[in-house]
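Colleague: What follows is upload_33.txt; its format and atoms are compact mmCIF, C-alpha atoms and all ligand atoms.
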# COMPACT_ATOMS: atom_id res chain seq x y z
CA MET A 1 -23.38 -14.70 13.43
CA SER A 2 -25.32 -17.12 11.16
CA LEU A 3 -25.88 -16.40 7.49
CA LYS A 4 -29.58 -15.98 8.17
CA THR A 5 -28.96 -13.36 10.85
CA LEU A 6 -26.54 -11.57 8.53
CA VAL A 7 -29.03 -11.47 5.67
CA ASN A 8 -31.82 -10.38 7.97
CA SER A 9 -29.78 -7.58 9.43
CA ALA A 10 -28.70 -6.48 5.93
CA LEU A 11 -32.35 -6.40 4.83
CA LYS A 12 -33.39 -4.55 7.95
CA SER A 13 -30.72 -1.93 7.30
CA VAL A 14 -32.33 -1.04 3.96
CA SER A 15 -35.07 0.80 5.79
CA ALA A 16 -33.63 1.17 9.29
CA PRO A 17 -30.14 1.59 10.79
CA PRO A 18 -28.36 -1.75 11.35
CA VAL A 19 -29.09 -3.38 14.68
CA GLN A 20 -25.95 -4.04 16.71
CA GLU A 21 -25.72 -7.73 17.57
CA SER A 22 -23.13 -9.35 19.77
CA PHE A 23 -20.24 -10.67 17.72
CA ASP A 24 -19.13 -14.32 17.94
CA PRO A 25 -15.42 -14.80 17.03
CA ILE A 26 -15.65 -18.60 17.36
CA ALA A 27 -18.34 -18.85 14.69
CA PHE A 28 -16.27 -16.48 12.55
CA ASP A 29 -13.15 -18.65 12.78
CA GLN A 30 -15.17 -21.76 11.91
CA ALA A 31 -16.41 -20.29 8.65
CA VAL A 32 -13.47 -18.14 7.52
CA MET A 33 -10.09 -19.58 6.40
CA THR A 34 -7.43 -18.88 8.97
CA THR A 35 -5.12 -16.79 6.77
CA TYR A 36 -4.83 -14.11 9.45
CA SER A 37 -4.16 -14.32 13.19
CA ARG A 38 -6.63 -11.62 14.13
CA PHE A 39 -6.57 -9.30 17.11
CA PRO A 40 -9.54 -9.94 19.43
CA LEU A 41 -11.38 -6.89 18.18
CA ALA A 42 -14.44 -6.49 15.93
CA ILE A 43 -14.90 -3.00 14.48
CA ASP A 44 -18.46 -1.75 14.19
CA ARG A 45 -18.25 1.80 12.82
CA GLY A 46 -15.94 4.68 12.02
CA GLN A 47 -15.91 8.47 11.73
CA GLY A 48 -12.91 10.48 10.54
CA CYS A 49 -9.79 9.06 12.24
CA HIS A 50 -11.85 7.28 14.91
CA LEU A 51 -13.28 3.73 15.13
CA TRP A 52 -15.66 2.03 17.56
CA ASP A 53 -15.68 -1.70 18.32
CA THR A 54 -18.80 -3.84 18.81
CA GLU A 55 -18.55 -3.20 22.57
CA GLY A 56 -18.69 0.56 21.99
CA ARG A 57 -15.00 1.26 22.81
CA GLU A 58 -13.38 4.09 20.86
CA TYR A 59 -9.99 3.90 19.07
CA LEU A 60 -7.82 6.43 17.29
CA ASP A 61 -7.08 4.81 13.92
CA PHE A 62 -3.43 5.04 12.81
CA VAL A 63 -3.86 2.00 10.54
CA ALA A 64 -6.52 3.34 8.12
CA GLY A 65 -7.33 -0.11 6.72
CA ILE A 66 -3.57 -0.59 6.12
CA ALA A 67 -2.87 2.74 4.43
CA THR A 68 -6.03 2.64 2.32
CA CYS A 69 -8.62 4.93 3.96
CA THR A 70 -7.10 8.14 2.61
CA LEU A 71 -10.10 10.26 3.69
CA GLY A 72 -10.67 8.36 6.94
CA HIS A 73 -14.05 6.81 7.72
CA SER A 74 -17.51 8.01 6.62
CA HIS A 75 -16.04 11.09 4.95
CA PRO A 76 -18.89 13.18 3.46
CA VAL A 77 -17.34 12.97 -0.04
CA MET A 78 -17.09 9.16 0.21
CA VAL A 79 -20.65 8.87 1.50
CA SER A 80 -22.07 11.00 -1.29
CA VAL A 81 -19.99 9.63 -4.20
CA VAL A 82 -20.58 6.01 -3.18
CA SER A 83 -24.33 6.47 -2.93
CA GLN A 84 -24.59 8.58 -6.10
CA GLN A 85 -22.47 6.21 -8.18
CA ILE A 86 -24.36 3.08 -7.06
CA GLN A 87 -27.64 4.76 -7.98
CA LYS A 88 -26.32 5.73 -11.41
CA LEU A 89 -24.22 2.74 -12.56
CA HIS A 90 -21.80 0.36 -10.87
CA HIS A 91 -20.54 -2.24 -13.38
CA VAL A 92 -20.81 -2.92 -17.11
CA SER A 93 -17.43 -4.53 -18.14
CA ASN A 94 -14.72 -3.22 -20.41
CA LEU A 95 -16.66 -4.24 -23.52
CA TYR A 96 -17.82 -0.60 -23.48
CA TYR A 97 -16.31 2.82 -22.81
CA ILE A 98 -16.57 3.77 -19.12
CA PRO A 99 -16.49 7.58 -18.72
CA GLU A 100 -15.47 7.41 -15.01
CA GLN A 101 -12.49 5.20 -15.96
CA GLY A 102 -11.36 7.69 -18.59
CA ALA A 103 -11.72 10.62 -16.16
CA LEU A 104 -9.68 8.85 -13.45
CA ALA A 105 -6.98 7.88 -15.97
CA GLN A 106 -6.86 11.52 -17.11
CA TRP A 107 -6.48 12.76 -13.53
CA LEU A 108 -3.64 10.30 -12.89
CA VAL A 109 -1.88 11.17 -16.16
CA ASP A 110 -2.25 14.92 -15.45
CA HIS A 111 -0.80 14.57 -11.94
CA SER A 112 2.05 12.08 -12.55
CA CYS A 113 4.83 11.21 -15.01
CA ALA A 114 2.67 8.47 -16.60
CA ASP A 115 0.99 8.64 -20.02
CA LYS A 116 -1.27 5.58 -19.82
CA VAL A 117 -3.14 3.59 -17.18
CA PHE A 118 -4.51 0.03 -16.84
CA PHE A 119 -7.03 -0.53 -14.04
CA CYS A 120 -7.44 -3.63 -11.88
CA ASN A 121 -8.60 -4.37 -8.33
CA SER A 122 -5.61 -4.75 -5.99
CA GLY A 123 -1.92 -4.14 -5.49
CA ALA A 124 -0.88 -7.67 -6.41
CA GLU A 125 -2.83 -7.43 -9.66
CA ALA A 126 -1.30 -4.04 -10.45
CA ASN A 127 2.17 -5.58 -10.03
CA GLU A 128 1.17 -8.62 -12.14
CA GLY A 129 0.26 -6.16 -14.88
CA ALA A 130 3.65 -4.43 -14.56
CA ILE A 131 5.50 -7.78 -14.66
CA LYS A 132 3.60 -8.88 -17.80
CA LEU A 133 4.24 -5.48 -19.41
CA ALA A 134 7.99 -5.74 -18.68
CA ARG A 135 8.15 -9.30 -20.03
CA LYS A 136 6.31 -8.37 -23.22
CA TYR A 137 8.57 -5.34 -23.73
CA ALA A 138 11.67 -7.53 -23.27
CA HIS A 139 10.41 -10.16 -25.73
CA THR A 140 9.10 -7.85 -28.44
CA ARG A 141 11.45 -4.82 -28.24
CA ARG A 142 14.70 -6.37 -27.06
CA GLY A 143 14.48 -10.00 -28.26
CA ILE A 144 15.10 -11.38 -24.76
CA GLN A 145 13.94 -15.02 -24.57
CA THR A 146 14.09 -15.49 -20.78
CA PRO A 147 13.58 -12.08 -19.17
CA VAL A 148 14.69 -11.60 -15.56
CA ILE A 149 13.24 -9.02 -13.17
CA ILE A 150 15.46 -7.86 -10.34
CA THR A 151 13.71 -7.09 -7.03
CA ALA A 152 14.92 -6.29 -3.51
CA GLN A 153 15.34 -8.38 -0.40
CA ALA A 154 12.77 -7.50 2.32
CA SER A 155 10.43 -6.19 -0.39
CA PHE A 156 6.69 -6.82 -0.61
CA HIS A 157 4.79 -6.98 -3.88
CA GLY A 158 1.72 -9.14 -3.19
CA ARG A 159 0.44 -12.70 -2.72
CA THR A 160 -0.29 -14.03 -6.22
CA LEU A 161 2.31 -16.52 -7.46
CA ALA A 162 4.25 -14.02 -9.58
CA THR A 163 4.14 -11.22 -7.00
CA VAL A 164 4.95 -13.48 -4.05
CA THR A 165 7.96 -14.63 -6.10
CA ALA A 166 8.89 -10.98 -6.71
CA THR A 167 8.60 -10.44 -2.94
CA GLY A 168 12.09 -10.91 -1.50
CA GLN A 169 11.01 -12.58 1.76
CA ALA A 170 11.18 -16.38 2.16
CA LYS A 171 8.45 -16.43 4.84
CA TYR A 172 5.80 -15.49 2.26
CA GLN A 173 7.00 -18.14 -0.25
CA LYS A 174 7.29 -21.20 1.99
CA HIS A 175 5.25 -24.20 0.72
CA PHE A 176 4.16 -22.40 -2.46
CA ASP A 177 6.98 -23.64 -4.67
CA PRO A 178 7.58 -24.18 -7.51
CA LEU A 179 7.79 -20.39 -7.67
CA MET A 180 7.69 -18.35 -10.86
CA PRO A 181 10.97 -18.36 -12.82
CA GLY A 182 12.60 -15.08 -13.88
CA PHE A 183 13.25 -13.23 -10.61
CA HIS A 184 16.51 -12.30 -8.92
CA TYR A 185 16.98 -10.56 -5.54
CA VAL A 186 19.47 -7.95 -4.39
CA PRO A 187 19.83 -6.05 -1.09
CA TYR A 188 17.85 -2.77 -1.03
CA ASN A 189 19.73 0.57 -1.34
CA ASP A 190 22.97 -1.28 -2.28
CA LEU A 191 24.31 -0.07 -5.63
CA ALA A 192 27.38 -2.32 -5.79
CA ALA A 193 25.21 -5.41 -5.27
CA LEU A 194 22.84 -4.33 -8.05
CA GLU A 195 25.65 -3.59 -10.49
CA GLY A 196 27.19 -6.97 -9.69
CA ALA A 197 23.90 -8.79 -10.27
CA ILE A 198 23.32 -7.10 -13.64
CA ALA A 199 26.90 -7.85 -14.74
CA THR A 200 26.43 -11.54 -13.90
CA LEU A 201 22.93 -11.91 -15.36
CA ASP A 202 23.80 -10.06 -18.58
CA ALA A 203 27.29 -11.61 -18.96
CA ASP A 204 26.51 -13.84 -21.99
CA GLN A 205 23.50 -12.04 -23.41
CA PRO A 206 21.08 -9.42 -22.05
CA GLN A 207 18.48 -10.94 -19.72
CA VAL A 208 17.60 -8.19 -17.25
CA ALA A 209 14.21 -6.84 -18.37
CA ALA A 210 13.27 -4.72 -15.37
CA ILE A 211 14.17 -3.59 -11.89
CA LEU A 212 11.15 -3.55 -9.56
CA LEU A 213 11.52 -1.59 -6.31
CA GLU A 214 9.42 0.15 -3.67
CA PRO A 215 10.34 3.86 -3.26
CA LEU A 216 10.07 3.13 0.47
CA GLN A 217 9.81 -0.48 1.69
CA GLY A 218 6.52 -0.62 3.62
CA GLU A 219 5.87 -4.17 4.87
CA GLY A 220 9.64 -4.75 4.97
CA GLY A 221 10.01 -2.24 7.83
CA VAL A 222 9.23 1.32 6.64
CA ARG A 223 12.66 1.71 5.03
CA PRO A 224 12.93 4.82 2.79
CA GLY A 225 14.78 4.54 -0.50
CA ASP A 226 18.11 6.30 -0.74
CA ARG A 227 18.12 9.20 -3.25
CA THR A 228 21.64 8.59 -4.53
CA TYR A 229 20.91 4.88 -4.99
CA PHE A 230 17.67 5.44 -6.90
CA GLN A 231 19.25 8.09 -9.12
CA ALA A 232 22.02 5.63 -10.02
CA VAL A 233 19.43 2.89 -10.66
CA ARG A 234 17.53 5.31 -12.93
CA GLN A 235 20.73 5.96 -14.92
CA ILE A 236 21.54 2.24 -15.26
CA CYS A 237 18.00 1.50 -16.48
CA SER A 238 18.09 4.34 -19.04
CA ASP A 239 21.55 3.32 -20.32
CA ARG A 240 20.63 -0.36 -20.73
CA ASN A 241 16.95 -0.09 -21.79
CA ILE A 242 15.92 -1.88 -18.58
CA LEU A 243 12.47 -0.89 -17.29
CA LEU A 244 12.44 0.85 -13.91
CA ILE A 245 9.20 -0.24 -12.22
CA LEU A 246 8.27 1.37 -8.90
CA ASP A 247 5.74 -0.33 -6.63
CA GLU A 248 3.85 2.69 -5.24
CA VAL A 249 0.99 0.52 -3.94
CA GLN A 250 1.49 1.64 -0.33
CA VAL A 251 3.18 5.03 -0.72
CA GLY A 252 1.43 6.50 -3.79
CA VAL A 253 -1.50 8.95 -3.84
CA GLY A 254 -0.30 11.50 -1.30
CA ARG A 255 0.63 9.32 1.66
CA THR A 256 4.25 10.45 1.76
CA GLY A 257 3.44 14.17 1.63
CA GLN A 258 4.05 14.14 -2.13
CA TYR A 259 1.63 12.69 -4.65
CA TRP A 260 4.10 9.93 -5.59
CA GLY A 261 6.94 8.29 -3.67
CA TYR A 262 9.32 8.78 -6.60
CA GLU A 263 9.20 12.57 -6.01
CA HIS A 264 11.23 12.01 -2.83
CA LEU A 265 13.90 10.31 -4.91
CA GLY A 266 14.16 12.94 -7.66
CA ILE A 267 13.52 10.42 -10.46
CA GLU A 268 10.72 9.25 -12.75
CA PRO A 269 9.93 5.55 -13.21
CA ASP A 270 9.03 3.98 -16.59
CA VAL A 271 6.21 2.02 -14.98
CA PHE A 272 4.58 2.31 -11.56
CA THR A 273 1.74 0.67 -9.67
CA LEU A 274 -0.96 1.95 -7.32
CA ALA A 275 -3.70 0.43 -5.17
CA LYS A 276 -4.02 0.95 -1.41
CA GLY A 277 -4.80 4.66 -1.05
CA LEU A 278 -6.28 5.19 -4.51
CA GLY A 279 -9.89 4.28 -3.74
CA GLY A 280 -9.94 5.62 -0.19
CA GLY A 281 -10.71 2.05 0.98
CA ILE A 282 -12.74 0.91 -2.06
CA PRO A 283 -10.79 -1.83 -3.93
CA ILE A 284 -8.97 -0.57 -7.03
CA GLY A 285 -5.48 -1.00 -8.49
CA ALA A 286 -3.63 0.55 -11.41
CA THR A 287 -0.57 -0.09 -13.59
CA LEU A 288 0.75 3.15 -15.10
CA CYS A 289 3.48 3.67 -17.69
CA LYS A 290 5.05 6.08 -20.14
CA ASP A 291 3.95 5.84 -23.78
CA ALA A 292 7.18 4.10 -24.86
CA TYR A 293 6.38 1.10 -22.64
CA ALA A 294 2.64 0.77 -23.36
CA VAL A 295 3.11 -2.47 -25.35
CA PHE A 296 -0.18 -4.18 -24.44
CA GLU A 297 -2.54 -4.78 -27.37
CA PRO A 298 -6.18 -5.94 -27.28
CA GLY A 299 -6.31 -9.44 -25.79
CA ASP A 300 -2.95 -9.20 -23.94
CA HIS A 301 -4.24 -8.38 -20.50
CA ALA A 302 -7.66 -7.84 -18.90
CA SER A 303 -9.76 -7.70 -15.78
CA THR A 304 -13.51 -8.21 -15.54
CA PHE A 305 -13.98 -5.79 -12.66
CA GLY A 306 -10.99 -3.57 -13.46
CA GLY A 307 -11.89 0.06 -14.10
CA ASN A 308 -15.57 -0.33 -13.23
CA PRO A 309 -17.64 2.88 -12.92
CA PHE A 310 -18.11 2.43 -9.16
CA ALA A 311 -14.45 2.05 -8.14
CA CYS A 312 -13.28 4.68 -10.66
CA GLY A 313 -15.98 7.19 -9.70
CA VAL A 314 -15.03 6.85 -6.03
CA ALA A 315 -11.27 6.97 -6.70
CA LEU A 316 -11.68 10.09 -8.83
CA ALA A 317 -13.56 11.80 -5.98
CA VAL A 318 -10.81 10.71 -3.54
CA CYS A 319 -8.11 12.17 -5.81
CA GLN A 320 -10.01 15.41 -6.37
CA THR A 321 -10.61 15.79 -2.62
CA LEU A 322 -6.93 15.16 -1.95
CA GLU A 323 -6.19 18.05 -4.29
CA SER A 324 -8.94 20.52 -3.31
CA ALA A 325 -8.58 19.99 0.45
CA GLY A 326 -4.77 20.22 0.38
CA LEU A 327 -4.40 16.78 1.93
CA VAL A 328 -0.98 16.07 0.41
CA ALA A 329 0.42 19.13 2.20
CA ASN A 330 -1.48 18.06 5.33
CA ALA A 331 0.19 14.63 5.15
CA ARG A 332 3.55 16.43 4.93
CA HIS A 333 2.89 18.77 7.88
CA GLN A 334 1.20 16.27 10.20
CA GLY A 335 3.91 13.76 9.24
CA GLU A 336 6.57 16.18 10.54
CA ARG A 337 4.62 16.57 13.80
CA LEU A 338 4.17 12.80 14.08
CA ARG A 339 7.87 12.10 13.55
CA ALA A 340 8.76 14.78 16.12
CA GLY A 341 6.40 13.05 18.58
CA LEU A 342 7.87 9.63 17.81
CA GLN A 343 11.38 11.03 18.19
CA GLN A 344 10.45 12.29 21.68
CA ILE A 345 9.27 8.77 22.59
CA CYS A 346 12.50 7.39 21.12
CA ASP A 347 14.54 9.84 23.24
CA ARG A 348 12.52 9.10 26.37
CA TYR A 349 13.14 5.34 26.07
CA PRO A 350 16.58 5.17 24.40
CA GLN A 351 17.10 1.57 25.56
CA ALA A 352 13.87 0.47 23.81
CA PHE A 353 13.95 2.24 20.46
CA ALA A 354 16.63 2.67 17.82
CA GLU A 355 15.16 5.18 15.38
CA VAL A 356 12.18 6.82 13.72
CA ARG A 357 11.93 6.73 9.94
CA GLY A 358 9.40 7.55 7.25
CA TRP A 359 7.98 10.12 4.86
CA GLY A 360 4.77 12.12 5.37
CA LEU A 361 2.17 9.85 6.97
CA ILE A 362 3.98 6.52 6.61
CA ASN A 363 6.27 6.19 9.61
CA GLY A 364 8.03 3.48 11.55
CA LEU A 365 9.30 3.30 15.12
CA VAL A 366 12.19 0.82 15.24
CA ILE A 367 12.57 -1.37 18.34
CA ASN A 368 16.08 -2.23 19.56
CA PRO A 369 16.74 -5.90 18.72
CA GLU A 370 17.85 -6.72 22.29
CA MET A 371 14.48 -5.70 23.77
CA ALA A 372 12.25 -8.45 25.18
CA PHE A 373 9.16 -7.18 23.33
CA THR A 374 8.30 -7.11 19.61
CA SER A 375 6.17 -4.85 17.43
CA ILE A 376 3.13 -7.09 18.09
CA ASP A 377 3.46 -6.38 21.84
CA VAL A 378 3.52 -2.63 21.18
CA VAL A 379 0.50 -2.95 18.87
CA LYS A 380 -1.45 -4.87 21.56
CA ALA A 381 -0.52 -2.42 24.32
CA ALA A 382 -1.51 0.51 22.09
CA MET A 383 -4.85 -1.18 21.37
CA THR A 384 -5.52 -1.35 25.12
CA ALA A 385 -4.64 2.35 25.32
CA GLY A 386 -7.14 3.12 22.51
CA LEU A 387 -4.74 3.51 19.58
CA LEU A 388 -4.62 1.25 16.50
CA ILE A 389 -1.20 0.78 14.85
CA VAL A 390 0.25 -2.07 12.76
CA PRO A 391 3.53 -4.03 12.73
CA ALA A 392 5.91 -3.89 9.74
CA GLY A 393 7.95 -6.97 10.62
CA PRO A 394 8.83 -8.01 14.21
CA GLN A 395 10.97 -4.94 14.98
CA VAL A 396 9.07 -2.03 13.45
CA VAL A 397 5.81 -0.41 14.54
CA ARG A 398 4.10 1.26 11.57
CA LEU A 399 1.83 4.32 11.73
CA VAL A 400 -0.22 5.02 8.58
CA PRO A 401 -3.19 7.23 9.65
CA PRO A 402 -5.74 8.77 7.26
CA LEU A 403 -4.44 11.84 5.39
CA ILE A 404 -7.15 14.01 7.03
CA LEU A 405 -5.31 13.65 10.37
CA SER A 406 -5.34 16.79 12.56
CA ALA A 407 -2.63 18.20 14.85
CA THR A 408 -4.83 17.35 17.88
CA GLU A 409 -5.10 13.74 16.73
CA VAL A 410 -1.32 13.52 16.30
CA GLN A 411 -0.98 14.76 19.90
CA GLN A 412 -3.61 12.28 21.18
CA GLY A 413 -1.97 9.42 19.30
CA MET A 414 1.45 10.17 20.79
CA GLU A 415 0.00 10.36 24.32
CA LYS A 416 -1.70 6.97 23.89
CA LEU A 417 1.45 5.42 22.41
CA ASP A 418 3.55 6.77 25.27
CA CYS A 419 1.11 5.26 27.83
CA ALA A 420 1.18 1.94 25.96
CA ILE A 421 4.98 1.77 25.89
CA ALA A 422 5.20 2.61 29.61
CA THR A 423 3.20 -0.58 30.34
CA LEU A 424 5.80 -2.69 28.47
CA LEU A 425 8.85 -1.38 30.31
CA PRO A 426 9.97 -2.37 33.81
C1 LIG B 501 -0.07 -4.06 0.08
C2 LIG B 501 1.00 -4.06 -0.96
C3 LIG B 501 0.90 -4.87 -2.10
C4 LIG B 501 -0.23 -5.85 -2.31
O1 LIG B 501 -1.46 -5.22 -2.44
P1 LIG B 501 -2.82 -6.11 -2.34
O2 LIG B 501 -3.89 -5.11 -2.63
O3 LIG B 501 -2.87 -6.67 -0.96
O4 LIG B 501 -2.71 -7.16 -3.37
C5 LIG B 501 1.88 -4.76 -3.06
N1 LIG B 501 2.93 -3.93 -2.90
C6 LIG B 501 3.07 -3.15 -1.82
C7 LIG B 501 4.24 -2.22 -1.71
C8 LIG B 501 2.12 -3.20 -0.80
O5 LIG B 501 2.27 -2.45 0.29
Take the structure from the file and write it as structure tokens.

Modeller:
Amino acid sequence: MSLKTLVNSALKSVSAPPVQESFDPIAFDQAVMTTYSRFPLAIDRGQGCHLWDTEGREYLDFVAGIATCTLGHSHPVMVSVVSQQIQKLHHVSNLYYIPEQGALAQWLVDHSCADKVFFCNSGAEANEGAIKLARKYAHTRRGIQTPVIITAQASFHGRTLATVTATGQAKYQKHFDPLMPGFHYVPYNDLAALEGAIATLDADQPQVAAILLEPLQGEGGVRPGDRTYFQAVRQICSDRNILLILDEVQVGVGRTGQYWGYEHLGIEPDVFTLAKGLGGGIPIGATLCKDAYAVFEPGDHASTFGGNPFACGVALAVCQTLESAGLVANARHQGERLRAGLQQICDRYPQAFAEVRGWGLINGLVINPEMAFTSIDVVKAAMTAGLLIVPAGPQVVRLVPPLILSATEVQQGMEKLDCAIATLLP
């Protein structure tokens, strides 16, 4: 589609519904940088947990914009808050007080262990904020000259230089060196390895400023954190004045059937980060911390768009809807149904699948390593069967539907997935 056609159709849509035009993937790939290998599918519209492509084919959406569309598509609350907020005010900068930002911060503080919030626009930025906060705390409160942040292998924390360095996966770092100094990796859920790393790093003088972990590793293969491990990590951090930072970008805001991933682990972090589900699909990120760690002063950190009235107004409505419609409990209940359905598939094809794992509505179906197909093959077969799912590495199929998911939709999703898998097996 040419720019002119795009502009014309946007203008037309001001007074009339958008005209559906045939989509040209070749023109798309000529103009857009090839940072993604896209599936041959262009989505035109959505409603609830359902999407339609430009050819009019319907899909059940168990991707939800990669765990972002908390309320699904075209939810009445989203439609009304987006249109009301844009008519009232959308952006003014942080030179002034923004009431919507204050109200969202208050909601988050009231519903979590945090005392203070900084707003930005994405998960990577939220983690950048947490990394800067931890470094400043180490410098100013502990006199550490070269702070080190320990992160986990197979983790994912974002694509900016600091967060891609924090990410413990070489495939995301290749060709982007020199990477950021001050990071050290340990295996996830392995207490002895963590204790060993701290002993080595702090041998001469204290260096370890923070431990940054996902409560459940999302991109790394839907791997839940171990309660005993996280409780021991919490104790180590408290004993040594090391900041415990949890990356809740994918699991926070109700997805796991609890408001926050850390509730599954029976601990509270010092700092945690949010993004994906917070705005229901509208870009927003947040770095949250307890009062003791709120060391930023005016001029230390900022974001032009961060905390704007539009994103905050929408996110507040998403959070309030989550609460008033009981969607966290729904995520818990439908998640149990979904895992039971996945377990049945696992039992039906024991040679193909190793296990089902997850919390609430973030779940993974693990493919046996000796199988001839990968997660991408399952995703493609499911797409043909009318179900959208997403890989989490080559061996894990990830299901992260909207939190408004119904029991009927769980059932339909499992039927489609079963049909898809049958096409892959001899
Ligand atoms: C998606 C994700 C990020 C990065 O978020 P962006 O908004 O893409 O920058 C960081 N951490 C985790 C755990 C994520 O799942």

Colleague: Please extract the residues at most 7 Å from ligand LIG 501 (chain B), counting all atoms listed in the file, and provide them as a list in words, using the chain letters and residue numbers of this document.

Modeller: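 These are the residues that qualify: Ser122, Gly123, Ala124, Glu125, Phe156, His157, Gly158, Arg159, Glu214, Gln217, Gly218, Glu219, Asp247, Glu248, Val249, Gln250, Ala275 and Lys276 of chain A.
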
Colleague: I want to know what sits within 6 Å of segment 167-181 of chain A, based on all atoms listed in the file, with residues of the same chain fewer than 3 positions away left out; could you give that as a list of chain:residue names?

Modeller: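 Within the cut-off, the hits are A:Ala152, A:Gln153, A:Ala154, A:Ser155, A:Phe156, A:His157, A:Ala162, A:Val164.
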
Colleague: Could you name the residues that touch Val92 of chain A at 12 Å or less, counting only C-alpha atoms, but leaving out those on the same chain fewer than 6 positions away, as a PDB file with C-alpha atoms, in the coordinates of the input?

Modeller:
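Output file selection09.pdb is given in full below:
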ATOM      1  CA  ILE A  98     -16.570   3.770 -19.120  1.00  0.00           C
ATOM      2  CA  PRO A  99     -16.490   7.580 -18.720  1.00  0.00           C
ATOM      3  CA  GLU A 100     -15.470   7.410 -15.010  1.00  0.00           C
ATOM      4  CA  GLN A 101     -12.490   5.200 -15.960  1.00  0.00           C
ATOM      5  CA  THR A 304     -13.510  -8.210 -15.540  1.00  0.00           C
ATOM      6  CA  PHE A 305     -13.980  -5.790 -12.660  1.00  0.00           C
ATOM      7  CA  GLY A 306     -10.990  -3.570 -13.460  1.00  0.00           C
ATOM      8  CA  GLY A 307     -11.890   0.060 -14.100  1.00  0.00           C
ATOM      9  CA  ASN A 308     -15.570  -0.330 -13.230  1.00  0.00           C
ATOM     10  CA  PRO A 309     -17.640   2.880 -12.920  1.00  0.00           C
ATOM     11  CA  PHE A 310     -18.110   2.430  -9.160  1.00  0.00           C
TER      12      PHE A 310
END

Colleague: Which segment 160-233 of chain A residues have any atom within 12 Å of an atom of segment 338-357 of chain A, and for each, what is the nearest pair of atoms with distance in Å to one decimal, counting only C-alpha atoms, rows sorted by chain and number, as a tab-separated table?

Modeller:
residue	atom	partner	partner_atom	distance
A:Leu216	CA	A:Arg357	CA	10.3
A:Gln217	CA	A:Arg357	CA	11.2
A:Gly218	CA	A:Arg357	CA	11.1
A:Gly221	CA	A:Arg357	CA	9.4
A:Val222	CA	A:Arg357	CA	6.9
A:Arg223	CA	A:Arg357	CA	7.1
A:Pro224	CA	A:Arg357	CA	7.5
A:Gly225	CA	A:Arg357	CA	11.0

Colleague: Name all residues at most 12 Å from Ala42 of chain A (count only C-alpha atoms; drop same-chain ones fewer than 6 positions away) and give them as JSON, numbers by chain.

Modeller: {"A": [20, 21, 22, 23, 24, 25, 28, 51, 52, 53, 54, 55, 56, 57, 58, 59]}

Colleague: Grab the residues selected above and save them as an mmCIF file, in the coordinates of the input with C-alpha atoms.

Modeller:
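Now in out.cif:
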data_model
loop_
_atom_site.group_PDB
_atom_site.id
_atom_site.type_symbol
_atom_site.label_atom_id
_atom_site.label_comp_id
_atom_site.auth_asym_id
_atom_site.auth_seq_id
_atom_site.Cartn_x
_atom_site.Cartn_y
_atom_site.Cartn_z
ATOM 1 C CA GLN A 20 -25.950 -4.040 16.710
ATOM 2 C CA GLU A 21 -25.720 -7.730 17.570
ATOM 3 C CA SER A 22 -23.130 -9.350 19.770
ATOM 4 C CA PHE A 23 -20.240 -10.670 17.720
ATOM 5 C CA ASP A 24 -19.130 -14.320 17.940
ATOM 6 C CA PRO A 25 -15.420 -14.800 17.030
ATOM 7 C CA PHE A 28 -16.270 -16.480 12.550
ATOM 8 C CA LEU A 51 -13.280 3.730 15.130
ATOM 9 C CA TRP A 52 -15.660 2.030 17.560
ATOM 10 C CA ASP A 53 -15.680 -1.700 18.320
ATOM 11 C CA THR A 54 -18.800 -3.840 18.810
ATOM 12 C CA GLU A 55 -18.550 -3.200 22.570
ATOM 13 C CA GLY A 56 -18.690 0.560 21.990
ATOM 14 C CA ARG A 57 -15.000 1.260 22.810
ATOM 15 C CA GLU A 58 -13.380 4.090 20.860
ATOM 16 C CA TYR A 59 -9.990 3.900 19.070
#

Colleague: Find the residue from A:Tyr259, A:Phe118, A:Phe183, A:Tyr229 that sits nearest to Val295 of chain A; use all atoms listed in the file when measuring.

Modeller: A:Phe118

Colleague: What does the distance from atom CA of Ile131 of chain A to atom CA of Trp260 of chain A come to in Å, to one decimal?

Modeller: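 Atom-to-atom, atom CA of Ile131 of chain A and atom CA of Trp260 of chain A are spaced 19.9 Å apart.
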
Colleague: Between A:Ile43, A:Leu212, A:Thr287, A:Ile282, single out the one closest to Leu316 of chain A, counting only C-alpha atoms.

Modeller: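 Of the candidates, the smallest distance to Leu316 of chain A is held by A:Ile282.
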
Colleague: What gap, in Å, lies between atom CA of Glu268 of chain A and atom CA of Ala286 of chain A?

Modeller: 16.8 Å
